[in-house]
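*Asks:* Provided below: start_9.cif, containing mmCIF, C-alpha atoms; chains and numbers go by the auth columns.
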```cif
data_entry
loop_
_atom_site.group_PDB
_atom_site.id
_atom_site.type_symbol
_atom_site.label_atom_id
_atom_site.label_comp_id
_atom_site.label_asym_id
_atom_site.label_seq_id
_atom_site.Cartn_x
_atom_site.Cartn_y
_atom_site.Cartn_z
_atom_site.B_iso_or_equiv
_atom_site.auth_seq_id
_atom_site.auth_asym_id
ATOM 1 C CA MET A 1 143.093 -182.222 -20.803 0.00 88 A
ATOM 2 C CA THR A 2 144.676 -182.935 -17.489 0.00 89 A
ATOM 3 C CA VAL A 3 143.255 -185.107 -14.740 0.00 90 A
ATOM 4 C CA ARG A 4 142.565 -182.054 -12.561 0.00 91 A
ATOM 5 C CA GLU A 5 140.444 -180.407 -15.312 0.00 92 A
ATOM 6 C CA GLU A 6 138.397 -183.594 -15.784 0.00 93 A
ATOM 7 C CA LYS A 7 137.548 -183.667 -12.055 0.00 94 A
ATOM 8 C CA GLU A 8 136.479 -180.007 -12.140 0.00 95 A
ATOM 9 C CA ASN A 9 134.215 -180.674 -15.150 0.00 96 A
ATOM 10 C CA LYS A 10 132.515 -183.581 -13.338 0.00 97 A
ATOM 11 C CA LYS A 11 131.738 -181.318 -10.374 0.00 98 A
ATOM 12 C CA LYS A 12 130.141 -178.699 -12.633 0.00 99 A
ATOM 13 C CA THR A 13 127.930 -181.145 -14.612 0.00 100 A
ATOM 14 C CA PRO A 14 124.251 -181.613 -13.238 0.00 101 A
ATOM 15 C CA ARG A 15 122.954 -184.858 -11.856 0.00 102 A
ATOM 16 C CA ALA A 16 121.672 -187.540 -14.181 0.00 103 A
ATOM 17 C CA SER A 17 118.119 -187.381 -12.818 0.00 104 A
ATOM 18 C CA GLY A 18 117.690 -183.850 -14.111 0.00 105 A
ATOM 19 C CA THR A 19 116.139 -182.549 -10.844 0.00 106 A
ATOM 20 C CA ALA A 20 118.252 -180.797 -8.334 0.00 107 A
ATOM 21 C CA ALA A 21 117.818 -181.878 -4.725 0.00 108 A
ATOM 22 C CA PRO A 22 116.743 -179.095 -2.341 0.00 109 A
ATOM 23 C CA ASP A 23 119.489 -177.543 -0.316 0.00 110 A
ATOM 24 C CA ILE A 24 119.230 -178.303 3.379 0.00 111 A
ATOM 25 C CA GLU A 25 121.510 -176.614 5.785 0.00 112 A
ATOM 26 C CA LEU A 26 123.067 -178.595 8.535 0.00 113 A
ATOM 27 C CA GLY A 27 121.409 -176.453 11.177 0.00 114 A
ATOM 28 C CA GLU A 28 117.936 -177.375 9.850 0.00 115 A
ATOM 29 C CA ILE A 29 118.411 -181.089 10.462 0.00 116 A
ATOM 30 C CA THR A 30 117.419 -182.223 13.933 0.00 117 A
ATOM 31 C CA ASN A 31 117.820 -185.802 15.155 0.00 118 A
ATOM 32 C CA GLY A 32 118.601 -186.875 11.602 0.00 119 A
ATOM 33 C CA ILE A 33 115.123 -185.834 10.296 0.00 120 A
ATOM 34 C CA ALA A 34 114.754 -183.176 7.655 0.00 121 A
ATOM 35 C CA PRO A 35 112.094 -180.474 8.256 0.00 122 A
ATOM 36 C CA THR A 36 108.690 -181.051 6.655 0.00 123 A
ATOM 37 C CA SER A 37 106.963 -178.649 4.336 0.00 124 A
ATOM 38 C CA ALA A 38 104.544 -175.956 5.538 0.00 125 A
ATOM 39 C CA ALA A 39 101.552 -177.726 3.976 0.00 126 A
ATOM 40 C CA SER A 40 102.196 -180.974 5.821 0.00 127 A
ATOM 41 C CA THR A 41 102.803 -179.265 9.155 0.00 128 A
ATOM 42 C CA SER A 42 99.649 -177.183 8.875 0.00 129 A
ATOM 43 C CA SER A 43 97.525 -180.302 8.361 0.00 130 A
ATOM 44 C CA LEU A 44 98.703 -181.962 11.565 0.00 131 A
ATOM 45 C CA PRO A 45 96.759 -179.753 14.032 0.00 132 A
ATOM 46 C CA GLN A 46 93.599 -180.180 11.947 0.00 133 A
ATOM 47 C CA GLU A 47 93.868 -183.964 12.119 0.00 134 A
ATOM 48 C CA GLU A 48 94.499 -183.868 15.861 0.00 135 A
ATOM 49 C CA SER A 49 91.525 -181.536 16.425 0.00 136 A
ATOM 50 C CA ARG A 50 89.120 -183.997 14.882 0.00 137 A
ATOM 51 C CA THR A 51 87.178 -185.758 17.614 0.00 138 A
ATOM 52 C CA VAL A 52 85.707 -189.173 16.984 0.00 139 A
ATOM 53 C CA VAL A 53 82.129 -189.377 18.333 0.00 140 A
ATOM 54 C CA ARG A 54 81.260 -192.812 19.700 0.00 141 A
ATOM 55 C CA ARG A 55 77.886 -194.211 18.716 0.00 142 A
ATOM 56 C CA LYS A 56 75.753 -195.029 21.705 0.00 143 A
ATOM 57 C CA GLN A 57 75.147 -198.680 22.519 0.00 144 A
ATOM 58 C CA PHE A 58 71.788 -198.913 24.217 0.00 145 A
ATOM 59 C CA ALA A 59 70.903 -201.572 26.767 0.00 146 A
ATOM 60 C CA VAL A 60 68.749 -203.825 24.604 0.00 147 A
ATOM 61 C CA SER A 61 67.551 -207.327 25.396 0.00 148 A
ATOM 62 C CA THR A 62 70.374 -209.788 24.849 0.00 149 A
ATOM 63 C CA ARG A 63 67.892 -212.432 23.746 0.00 150 A
ATOM 64 C CA TRP A 64 66.568 -210.090 21.058 0.00 151 A
ATOM 65 C CA GLU A 65 70.116 -209.355 19.892 0.00 152 A
ATOM 66 C CA ARG A 66 70.860 -213.081 19.748 0.00 153 A
ATOM 67 C CA ASP A 67 67.719 -213.771 17.699 0.00 154 A
ATOM 68 C CA ILE A 68 68.590 -210.998 15.251 0.00 155 A
ATOM 69 C CA ALA A 69 72.193 -212.216 14.918 0.00 156 A
ATOM 70 C CA GLU A 70 71.110 -215.812 14.293 0.00 157 A
ATOM 71 C CA GLY A 71 68.318 -214.775 11.933 0.00 158 A
ATOM 72 C CA ARG A 72 65.581 -216.578 13.796 0.00 159 A
ATOM 73 C CA THR A 73 62.047 -216.095 12.447 0.00 160 A
ATOM 74 C CA SER A 74 59.241 -216.493 14.923 0.00 161 A
ATOM 75 C CA SER A 75 55.719 -215.171 15.020 0.00 162 A
ATOM 76 C CA ARG A 76 56.877 -212.189 17.049 0.00 163 A
ATOM 77 C CA ASN A 77 59.720 -211.496 14.635 0.00 164 A
ATOM 78 C CA LYS A 78 57.311 -211.627 11.699 0.00 165 A
ATOM 79 C CA LEU A 79 55.005 -209.207 13.482 0.00 166 A
ATOM 80 C CA ARG A 80 57.977 -206.968 14.229 0.00 167 A
ATOM 81 C CA ALA A 81 58.999 -207.074 10.549 0.00 168 A
ATOM 82 C CA CYS A 82 55.457 -206.064 9.589 0.00 169 A
ATOM 83 C CA ASN A 83 55.651 -203.201 12.060 0.00 170 A
ATOM 84 C CA ASN A 84 58.962 -202.071 10.565 0.00 171 A
ATOM 85 C CA THR A 85 57.447 -202.105 7.075 0.00 172 A
ATOM 86 C CA CYS A 86 54.456 -200.051 8.206 0.00 173 A
ATOM 87 C CA CYS A 87 56.849 -197.658 9.971 0.00 174 A
ATOM 88 C CA CYS A 88 58.531 -196.806 6.672 0.00 175 A
ATOM 89 C CA CYS A 89 61.226 -199.477 7.069 0.00 176 A
ATOM 90 C CA ALA A 90 62.268 -198.181 10.478 0.00 177 A
ATOM 91 C CA LYS A 91 65.359 -199.425 12.253 0.00 178 A
ATOM 92 C CA PRO A 92 64.408 -201.947 14.967 0.00 179 A
ATOM 93 C CA LEU A 93 65.743 -201.381 18.456 0.00 180 A
ATOM 94 C CA GLY A 94 64.423 -204.064 20.756 0.00 181 A
ATOM 95 C CA GLY A 95 60.642 -203.759 20.622 0.00 182 A
ATOM 96 C CA MET A 96 60.810 -200.158 19.396 0.00 183 A
ATOM 97 C CA HIS A 97 61.228 -198.672 15.924 0.00 184 A
ATOM 98 C CA VAL A 98 63.637 -195.812 15.227 0.00 185 A
ATOM 99 C CA LEU A 99 62.320 -193.551 12.461 0.00 186 A
ATOM 100 C CA TRP A 100 64.957 -190.824 12.699 0.00 187 A
ATOM 101 C CA GLU A 101 68.253 -190.755 14.564 0.00 188 A
ATOM 102 C CA ARG A 102 71.236 -188.472 14.949 0.00 189 A
ATOM 103 C CA LYS A 103 74.033 -189.375 12.567 0.00 190 A
ATOM 104 C CA SER A 104 76.692 -188.444 15.099 0.00 191 A
ATOM 105 C CA ASP A 105 75.940 -190.806 17.998 0.00 192 A
ATOM 106 C CA GLY A 106 72.820 -192.707 16.888 0.00 193 A
ATOM 107 C CA SER A 107 70.477 -191.193 19.476 0.00 194 A
ATOM 108 C CA PRO A 108 66.851 -191.622 18.336 0.00 195 A
ATOM 109 C CA ILE A 109 65.009 -188.388 17.554 0.00 196 A
ATOM 110 C CA ILE A 110 61.715 -189.937 16.439 0.00 197 A
ATOM 111 C CA ILE A 111 60.981 -193.412 17.771 0.00 198 A
ATOM 112 C CA ALA A 112 57.768 -195.454 17.848 0.00 199 A
ATOM 113 C CA GLY A 113 56.854 -197.796 20.666 0.00 200 A
ATOM 114 C CA PRO A 114 55.843 -201.443 20.439 0.00 201 A
ATOM 115 C CA LEU A 115 52.099 -200.636 20.674 0.00 202 A
ATOM 116 C CA TRP A 116 52.079 -197.938 17.993 0.00 203 A
ATOM 117 C CA PRO A 117 49.195 -199.612 16.019 0.00 204 A
ATOM 118 C CA PHE A 118 46.881 -199.128 19.015 0.00 205 A
ATOM 119 C CA CYS A 119 47.796 -195.450 19.163 0.00 206 A
ATOM 120 C CA VAL A 120 47.428 -194.896 15.418 0.00 207 A
ATOM 121 C CA PHE A 121 44.242 -196.885 14.818 0.00 208 A
ATOM 122 C CA ILE A 122 42.438 -196.456 18.164 0.00 209 A
ATOM 123 C CA THR A 123 43.590 -193.389 20.112 0.00 210 A
ATOM 124 C CA VAL A 124 43.922 -190.905 17.249 0.00 211 A
ATOM 125 C CA PRO A 125 40.651 -191.895 15.496 0.00 212 A
ATOM 126 C CA LEU A 126 38.734 -191.660 18.771 0.00 213 A
ATOM 127 C CA ILE A 127 39.982 -188.135 19.437 0.00 214 A
ATOM 128 C CA VAL A 128 39.555 -186.905 15.867 0.00 215 A
ATOM 129 C CA PHE A 129 36.222 -188.614 15.130 0.00 216 A
ATOM 130 C CA ILE A 130 34.440 -187.627 18.364 0.00 217 A
ATOM 131 C CA SER A 131 35.756 -184.078 18.186 0.00 218 A
ATOM 132 C CA GLY A 132 34.814 -183.814 14.508 0.00 219 A
ATOM 133 C CA VAL A 133 31.258 -184.984 15.139 0.00 220 A
ATOM 134 C CA PHE A 134 30.897 -182.528 18.015 0.00 221 A
ATOM 135 C CA VAL A 135 32.233 -179.629 15.965 0.00 222 A
ATOM 136 C CA TYR A 136 29.992 -180.387 12.977 0.00 223 A
ATOM 137 C CA PHE A 137 26.736 -180.966 14.830 0.00 224 A
ATOM 138 C CA VAL A 138 27.180 -178.572 17.775 0.00 225 A
ATOM 139 C CA LEU A 139 29.767 -175.834 17.329 0.00 226 A
ATOM 140 C CA LEU A 140 29.046 -175.150 13.659 0.00 227 A
ATOM 141 C CA ASN A 141 25.289 -175.485 14.066 0.00 228 A
ATOM 142 C CA ASP A 142 23.668 -172.062 14.241 0.00 229 A
ATOM 143 C CA LYS A 143 20.469 -173.507 15.685 0.00 230 A
ATOM 144 C CA VAL A 144 22.209 -174.591 18.909 0.00 231 A
ATOM 145 C CA GLY A 145 23.109 -171.086 19.930 0.00 232 A
ATOM 146 C CA LEU A 146 26.391 -171.664 21.764 0.00 233 A
ATOM 147 C CA PRO A 147 28.628 -168.596 22.172 0.00 234 A
ATOM 148 C CA TRP A 148 31.225 -168.101 19.417 0.00 235 A
ATOM 149 C CA TRP A 149 34.128 -167.832 21.874 0.00 236 A
ATOM 150 C CA ILE A 150 33.749 -171.507 22.787 0.00 237 A
ATOM 151 C CA GLN A 151 35.305 -172.378 19.420 0.00 238 A
ATOM 152 C CA CYS A 152 38.348 -170.242 20.300 0.00 239 A
ATOM 153 C CA ILE A 153 38.896 -172.497 23.323 0.00 240 A
ATOM 154 C CA TYR A 154 37.893 -175.856 21.868 0.00 241 A
ATOM 155 C CA TYR A 155 40.056 -175.800 18.734 0.00 242 A
ATOM 156 C CA PRO A 156 43.359 -174.962 20.519 0.00 243 A
ATOM 157 C CA MET A 157 42.580 -177.631 23.127 0.00 244 A
ATOM 158 C CA LEU A 158 42.159 -180.210 20.378 0.00 245 A
ATOM 159 C CA VAL A 159 45.442 -179.162 18.740 0.00 246 A
ATOM 160 C CA ILE A 160 47.314 -179.263 22.071 0.00 247 A
ATOM 161 C CA THR A 161 45.966 -182.766 22.720 0.00 248 A
ATOM 162 C CA LEU A 162 47.197 -184.103 19.376 0.00 249 A
ATOM 163 C CA ILE A 163 50.591 -182.401 19.649 0.00 250 A
ATOM 164 C CA SER A 164 51.186 -183.710 23.167 0.00 251 A
ATOM 165 C CA LEU A 165 50.167 -187.192 21.993 0.00 252 A
ATOM 166 C CA PHE A 166 52.721 -187.004 19.180 0.00 253 A
ATOM 167 C CA PHE A 167 55.539 -185.934 21.502 0.00 254 A
ATOM 168 C CA THR A 168 54.626 -188.672 23.957 0.00 255 A
ATOM 169 C CA SER A 169 54.450 -191.432 21.361 0.00 256 A
ATOM 170 C CA CYS A 170 57.369 -190.448 19.137 0.00 257 A
ATOM 171 C CA ARG A 171 59.905 -189.056 21.578 0.00 258 A
ATOM 172 C CA ASN A 172 62.755 -190.981 23.140 0.00 259 A
ATOM 173 C CA PRO A 173 61.386 -192.169 26.513 0.00 260 A
ATOM 174 C CA GLY A 174 64.894 -192.226 27.980 0.00 261 A
ATOM 175 C CA LEU A 175 66.804 -195.182 26.566 0.00 262 A
ATOM 176 C CA ALA A 176 69.714 -196.091 28.806 0.00 263 A
ATOM 177 C CA GLU A 177 73.148 -196.999 27.487 0.00 264 A
ATOM 178 C CA ARG A 178 74.751 -200.357 28.193 0.00 265 A
ATOM 179 C CA VAL A 179 77.256 -200.224 31.056 0.00 266 A
ATOM 180 C CA THR A 180 79.368 -203.292 31.818 0.00 267 A
ATOM 181 C CA ASP A 181 82.060 -201.661 33.950 0.00 268 A
ATOM 182 C CA GLU A 182 82.258 -203.312 37.361 0.00 269 A
ATOM 183 C CA GLU A 183 82.873 -199.950 38.990 0.00 270 A
ATOM 184 C CA ALA A 184 79.221 -199.121 38.315 0.00 271 A
ATOM 185 C CA GLY A 185 78.234 -202.053 40.529 0.00 272 A
ATOM 186 C CA ARG A 186 80.346 -200.683 43.340 0.00 273 A
ATOM 187 C CA SER A 187 78.605 -197.306 42.943 0.00 274 A
ATOM 188 C CA GLY A 188 75.199 -198.708 43.849 0.00 275 A
ATOM 189 C CA TRP A 189 74.036 -199.742 40.381 0.00 276 A
ATOM 190 C CA PHE A 190 72.160 -203.013 39.890 0.00 277 A
ATOM 191 C CA TRP A 191 72.954 -205.739 37.381 0.00 278 A
ATOM 192 C CA ASN A 192 70.185 -206.521 34.887 0.00 279 A
ATOM 193 C CA GLU A 193 70.561 -209.957 33.326 0.00 280 A
ATOM 194 C CA GLN A 194 67.983 -209.333 30.582 0.00 281 A
ATOM 195 C CA VAL A 195 70.108 -206.694 28.877 0.00 282 A
ATOM 196 C CA GLY A 196 73.526 -207.650 30.268 0.00 283 A
ATOM 197 C CA SER A 197 74.156 -204.244 31.779 0.00 284 A
ATOM 198 C CA PHE A 198 74.270 -202.362 35.038 0.00 285 A
ATOM 199 C CA ARG A 199 71.362 -199.988 35.665 0.00 286 A
ATOM 200 C CA PRO A 200 71.159 -197.011 38.021 0.00 287 A
ATOM 201 C CA PRO A 201 68.310 -196.691 40.553 0.00 288 A
ATOM 202 C CA GLY A 202 65.067 -195.673 38.841 0.00 289 A
ATOM 203 C CA THR A 203 65.999 -197.245 35.524 0.00 290 A
ATOM 204 C CA MET A 204 63.840 -200.266 34.760 0.00 291 A
ATOM 205 C CA TYR A 205 63.517 -202.864 32.030 0.00 292 A
ATOM 206 C CA CYS A 206 60.365 -202.781 29.852 0.00 293 A
ATOM 207 C CA ARG A 207 59.398 -206.231 28.573 0.00 294 A
ATOM 208 C CA GLU A 208 57.461 -204.891 25.590 0.00 295 A
ATOM 209 C CA CYS A 209 60.032 -202.271 24.604 0.00 296 A
ATOM 210 C CA LYS A 210 62.902 -204.719 25.370 0.00 297 A
ATOM 211 C CA VAL A 211 65.165 -201.899 26.550 0.00 298 A
ATOM 212 C CA LEU A 212 66.221 -200.172 29.747 0.00 299 A
ATOM 213 C CA ILE A 213 64.361 -196.883 30.236 0.00 300 A
ATOM 214 C CA GLU A 214 65.524 -194.181 32.628 0.00 301 A
ATOM 215 C CA GLY A 215 62.818 -193.142 35.066 0.00 302 A
ATOM 216 C CA TYR A 216 60.516 -195.856 33.735 0.00 303 A
ATOM 217 C CA ASP A 217 56.933 -195.491 34.956 0.00 304 A
ATOM 218 C CA HIS A 218 54.703 -197.786 32.883 0.00 305 A
ATOM 219 C CA LEU A 219 53.761 -198.913 29.387 0.00 306 A
ATOM 220 C CA CYS A 220 50.821 -196.872 28.062 0.00 307 A
ATOM 221 C CA PRO A 221 48.825 -198.589 25.291 0.00 308 A
ATOM 222 C CA TRP A 222 46.973 -195.357 24.439 0.00 309 A
ATOM 223 C CA THR A 223 50.238 -193.672 23.477 0.00 310 A
ATOM 224 C CA GLY A 224 51.787 -196.918 22.216 0.00 311 A
ATOM 225 C CA THR A 225 55.081 -196.617 24.050 0.00 312 A
ATOM 226 C CA GLY A 226 56.797 -196.755 27.417 0.00 313 A
ATOM 227 C CA ILE A 227 56.671 -193.718 29.667 0.00 314 A
ATOM 228 C CA GLY A 228 59.979 -192.612 31.130 0.00 315 A
ATOM 229 C CA ARG A 229 62.034 -189.571 31.913 0.00 316 A
ATOM 230 C CA GLY A 230 62.247 -188.476 28.279 0.00 317 A
ATOM 231 C CA ASN A 231 58.506 -188.221 27.575 0.00 318 A
ATOM 232 C CA MET A 232 56.986 -187.875 31.046 0.00 319 A
ATOM 233 C CA THR A 233 56.305 -184.137 30.662 0.00 320 A
ATOM 234 C CA ALA A 234 54.566 -184.656 27.327 0.00 321 A
ATOM 235 C CA PHE A 235 52.574 -187.538 28.808 0.00 322 A
ATOM 236 C CA LYS A 236 51.293 -185.385 31.695 0.00 323 A
ATOM 237 C CA CYS A 237 50.343 -182.674 29.219 0.00 324 A
ATOM 238 C CA PHE A 238 48.494 -185.227 27.095 0.00 325 A
ATOM 239 C CA VAL A 239 46.594 -186.685 30.056 0.00 326 A
ATOM 240 C CA THR A 240 45.538 -183.214 31.219 0.00 327 A
ATOM 241 C CA SER A 241 44.499 -181.955 27.794 0.00 328 A
ATOM 242 C CA VAL A 242 42.639 -185.106 26.765 0.00 329 A
ATOM 243 C CA ASN A 243 40.644 -185.098 30.005 0.00 330 A
ATOM 244 C CA LEU A 244 39.737 -181.431 29.605 0.00 331 A
ATOM 245 C CA LEU A 245 38.769 -182.094 26.006 0.00 332 A
ATOM 246 C CA CYS A 246 36.675 -185.137 26.915 0.00 333 A
ATOM 247 C CA TYR A 247 34.774 -183.635 29.841 0.00 334 A
ATOM 248 C CA GLY A 248 34.415 -180.323 28.028 0.00 335 A
ATOM 249 C CA THR A 249 32.891 -182.065 25.021 0.00 336 A
ATOM 250 C CA ILE A 250 30.400 -183.930 27.227 0.00 337 A
ATOM 251 C CA ALA A 251 29.441 -180.770 29.114 0.00 338 A
ATOM 252 C CA LEU A 252 28.980 -178.723 25.959 0.00 339 A
ATOM 253 C CA ALA A 253 27.000 -181.511 24.300 0.00 340 A
ATOM 254 C CA CYS A 254 24.636 -181.653 27.287 0.00 341 A
ATOM 255 C CA ALA A 255 24.265 -177.869 27.267 0.00 342 A
ATOM 256 C CA ALA A 256 23.529 -177.883 23.539 0.00 343 A
ATOM 257 C CA PHE A 257 20.958 -180.613 24.021 0.00 344 A
ATOM 258 C CA LEU A 258 19.167 -178.518 26.683 0.00 345 A
ATOM 259 C CA LEU A 259 19.305 -175.353 24.576 0.00 346 A
ATOM 260 C CA PHE A 260 18.167 -177.089 21.408 0.00 347 A
#
```
Could you show the structure in this file as structure tokens?
*Replies:*
Amino acid sequence: MTVREEKENKKKTPRASGTAAPDIELGEITNGIAPTSAASTSSLPQEESRTVVRRKQFAVSTRWERDIAEGRTSSRNKLRACNNTCCCCAKPLGGMHVLWERKSDGSPIIIAGPLWPFCVFITVPLIVFISGVFVYFVLLNDKVGLPWWIQCIYYPMLVITLISLFFTSCRNPGLAERVTDEEAGRSGWFWNEQVGSFRPPGTMYCRECKVLIEGYDHLCPWTGTGIGRGNMTAFKCFVTSVNLLCYGTIALACAAFLLF
């Protein structure tokens, strides 16, 4: 066999690895990079379309954050831990207790205020007990002789009162996010040292809730939470309905006493 035949046989023999490399034309190579497969190119737009949602950082008391980080245990912290246990191991947020939050940005959906025991053990029993006694001894008593249509008004009023109380007590009152950008100060915002954040006009710090609340009005012990922009409508509905229920119960009780 000549030398020329040996060279031709070497060209015809496959590579030692046993796998043939894919053929790439010279025109397909751009800037020295070979083209990628269709599967890899199709996944790129999907990855770029994914948007990362930032979790909200609320303006909470810096002192409270420092105590939690250092693991300090005081009488207030022990009371707060007891409150968290009674609130089904809720997540503490300043003086408030988050029972349910959005997984995307951490916004609270159901949140209890710092005075929730007063609402649960005082406000609700007063409404339910007094209304229950009135219904049993007056509305359901055939000897009193009140018209039947009074029940059609009294029962919905009681339900509206309890529902509005729930939305007032368990709704986000308007927690403000922490803003440390100095441009906010130039825009007319005020610096709040207690939470280490700028606050817009109308947003105030609640000492019991230990957070900044937008449109903060006051802390209501009957509802157990702070009243702000987020639950102001429900609070007005609760105040109106509970007053109508209270004065209506007194008036009907007096009328039943005169008729009986």
*Asks:* Which residues, named as in the file, does the PyMOL selection byres ((chain A and resi 336) around 10) pick out? Answer as a list in words.
*Replies:*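 When the PyMOL selection byres ((chain A and resi 336) around 10) is applied to the shown file, the picked residues are Ile217, Ser218, Phe221, Val222, Val225, Tyr241, Asn330, Leu331, Leu332, Cys333, Tyr334, Gly335, Ile337, Ala338, Leu339, Ala340, Cys341 and Ala342 of chain A.
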*Asks:* Write out as a list in words the residues lying within 7 Å of range 243-259 of chain A, counting only C-alpha atoms and excluding same-chain residues fewer than 5 positions away.
*Replies:*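 Residues meeting the cut-off are Pro195, Ile196, Ile197, Ile198, Ala199, Gly200, Thr310, Gly311, Thr312, Gly317, Asn318, Ala321, Phe322, Cys324, Phe325, Ser328, Val329 and Leu332 of chain A.
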*Asks:* Counting only C-alpha atoms, which of A:Val147, A:Ala263, A:Val231, A:Ala156 gets nearest to Ser194 in chain A?
*Replies:*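 Answer, going by the shortest atom-to-atom distance: A:Ala263.
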*Asks:* Expressed in Å to a single decimal, how great is the separation between CA of Pro201 in chain A and CA of Asn279 in chain A?
*Replies:* 21.0 Å
*Asks:* Find the residues near Phe277 in chain A: any atom within 7 Å, counting only C-alpha atoms, skip ones fewer than 4 places away on the same chain, and give them as a PDB file with C-alpha atoms, keeping the file's coordinate frame.
*Replies:*
```
ATOM      1  CA  GLY A 272      78.234-202.053  40.529  1.00  0.00           C
ATOM      2  CA  PHE A 285      74.270-202.362  35.038  1.00  0.00           C
ATOM      3  CA  ARG A 286      71.362-199.988  35.665  1.00  0.00           C
ATOM      4  CA  PRO A 287      71.159-197.011  38.021  1.00  0.00           C
TER       5      PRO A 287
END
```
*Asks:* Rounded to one decimal place, report the CA of Arg316 in chain A-CA of Tyr303 in chain A distance in Å.
*Replies:* 6.7 Å
